[in-house]
Amino acid sequence: MNEKNVTAVERKEDIFDRMMHLPVLNIFEPFYKKYKEGLMYLFFGGLAFFLNIILFALFTDFMKINDLLANAISWVICVLFQYVTNKTWVFDGHVEGTAALIKQISSFFGGRVFTLVVEEIIILIFITWLGFNRIAVKLVAQFVVIVLNYIISKLFVFKK
């Protein structure tokens, strides 16, 4: 079968791969192919980042929920989003069998629990104890968490 007869499914292309074939975007395709994992992590990590900040602000400023509890609730929602997007588009985390899936889910959520503890400590110290601006602290904490989450996902959860 020649290259033109191979379907996107047979090449395992996702929606982002197919978008790179569009006339306006195809000039970026070599760069995209070379750095796809990092670009996808930045894209979906960015979405999760903004979702987390918006939820945190909603819970703390409008619903008047305690900072630590608001952060934990935001975390649960965002980690579910992150697992689906990381598994599907970022790291191609397909696994065979129930045992492998359970191991992957456990290591993903275990890593995220670790970074939640890091973030909660940052919030406790800088918002609760020292009274710094909650959104500023949350932004800094999110950057720390994003880096740690990438390292954990790359090295332990979705390793090839």
# chains A, B, ... in the order shown; residues from 1 in each chain; ligands from 1
$ residues_around --residues "A:Ser153" --least-positions-apart "2" --cutoff "9 Å" --atoms "only C-alpha atoms" --output "PyMOL selection string"
chain A and resi 86+91+107-108+111+148-151+155-159
$ write_last_selection --atoms "N, CA and C atoms" --output "PDB file, in the first residue's frame"
ATOM      1  N   ASN A  86      -3.474  13.589  28.839  1.00  0.00           N
ATOM      2  CA  ASN A  86      -2.104  13.057  28.815  1.00  0.00           C
ATOM      3  C   ASN A  86      -2.070  11.663  28.215  1.00  0.00           C
ATOM      4  N   PHE A  91       1.213  11.663  25.751  1.00  0.00           N
ATOM      5  CA  PHE A  91       2.190  10.588  25.884  1.00  0.00           C
ATOM      6  C   PHE A  91       1.790   9.295  25.181  1.00  0.00           C
ATOM      7  N   SER A 107      -0.171   5.049  39.181  1.00  0.00           N
ATOM      8  CA  SER A 107       1.051   5.856  39.176  1.00  0.00           C
ATOM      9  C   SER A 107       0.753   7.300  38.776  1.00  0.00           C
ATOM     10  N   PHE A 108      -0.200   7.507  37.862  1.00  0.00           N
ATOM     11  CA  PHE A 108      -0.566   8.872  37.473  1.00  0.00           C
ATOM     12  C   PHE A 108      -1.136   9.631  38.666  1.00  0.00           C
ATOM     13  N   GLY A 111       1.435  10.212  41.493  1.00  0.00           N
ATOM     14  CA  GLY A 111       2.306  11.344  41.195  1.00  0.00           C
ATOM     15  C   GLY A 111       1.602  12.670  41.395  1.00  0.00           C
ATOM     16  N   LEU A 148       6.930  19.487  37.825  1.00  0.00           N
ATOM     17  CA  LEU A 148       6.988  18.199  38.527  1.00  0.00           C
ATOM     18  C   LEU A 148       6.085  17.152  37.869  1.00  0.00           C
ATOM     19  N   ASN A 149       4.879  17.555  37.449  1.00  0.00           N
ATOM     20  CA  ASN A 149       3.961  16.622  36.796  1.00  0.00           C
ATOM     21  C   ASN A 149       4.529  16.087  35.488  1.00  0.00           C
ATOM     22  N   TYR A 150       5.182  16.945  34.722  1.00  0.00           N
ATOM     23  CA  TYR A 150       5.773  16.487  33.459  1.00  0.00           C
ATOM     24  C   TYR A 150       6.855  15.444  33.732  1.00  0.00           C
ATOM     25  N   ILE A 151       7.719  15.737  34.680  1.00  0.00           N
ATOM     26  CA  ILE A 151       8.803  14.816  35.010  1.00  0.00           C
ATOM     27  C   ILE A 151       8.243  13.470  35.476  1.00  0.00           C
ATOM     28  N   LEU A 155       8.754  10.101  33.191  1.00  0.00           N
ATOM     29  CA  LEU A 155       9.679   9.099  33.699  1.00  0.00           C
ATOM     30  C   LEU A 155       9.017   7.883  34.341  1.00  0.00           C
ATOM     31  N   PHE A 156       7.799   8.069  34.879  1.00  0.00           N
ATOM     32  CA  PHE A 156       7.211   6.980  35.660  1.00  0.00           C
ATOM     33  C   PHE A 156       5.872   6.477  35.136  1.00  0.00           C
ATOM     34  N   VAL A 157       5.028   7.346  34.621  1.00  0.00           N
ATOM     35  CA  VAL A 157       3.665   6.945  34.279  1.00  0.00           C
ATOM     36  C   VAL A 157       3.552   6.454  32.850  1.00  0.00           C
ATOM     37  N   PHE A 158       3.987   7.267  31.892  1.00  0.00           N
ATOM     38  CA  PHE A 158       3.802   6.951  30.478  1.00  0.00           C
ATOM     39  C   PHE A 158       5.127   6.607  29.798  1.00  0.00           C
ATOM     40  N   LYS A 159       6.044   6.034  30.540  1.00  0.00           N
ATOM     41  CA  LYS A 159       7.348   5.684  29.952  1.00  0.00           C
ATOM     42  C   LYS A 159       7.156   4.630  28.885  1.00  0.00           C
TER      43      LYS A 159
END
$ closest_residue --among "A:Ala70, A:Phe126, A:Val144, A:Phe28" --to "A:Phe49" --atoms "only C-alpha atoms"
A:Val144
$ residues_around --residues "stretch 78-83 of chain A" --least-positions-apart "4" --cutoff "10 Å" --atoms "only C-alpha atoms" --output "MDAnalysis selection string"
chainID A and resid 41 44:45 47:52 55 72:74 87:88 90 93 104:105 108:109 112:113 116 149 153
$ closest_residue --among "A:Ile53, A:Leu101, A:Ile27, A:Val95" --to "A:Gln142" --atoms "only C-alpha atoms"
A:Ile53
$ atom_distance --atom1 "atom CA of A:Glu37" --atom2 "atom CA of A:Val117"
26.1 Å
$ select_by_dssp --residues "stretch 2-158 of chain A" --states "alpha helix (DSSP H)" --output "PyMOL selection string"
chain A and resi 15-19+29-57+67-85+98-123+134-152
$ atom_distance --atom1 "atom CA of A:Phe56" --atom2 "atom CA of A:Gly131"
16.5 Å
$ atom_distance --atom1 "atom CA of A:Val145" --atom2 "atom CA of A:Thr128"
18.9 Å
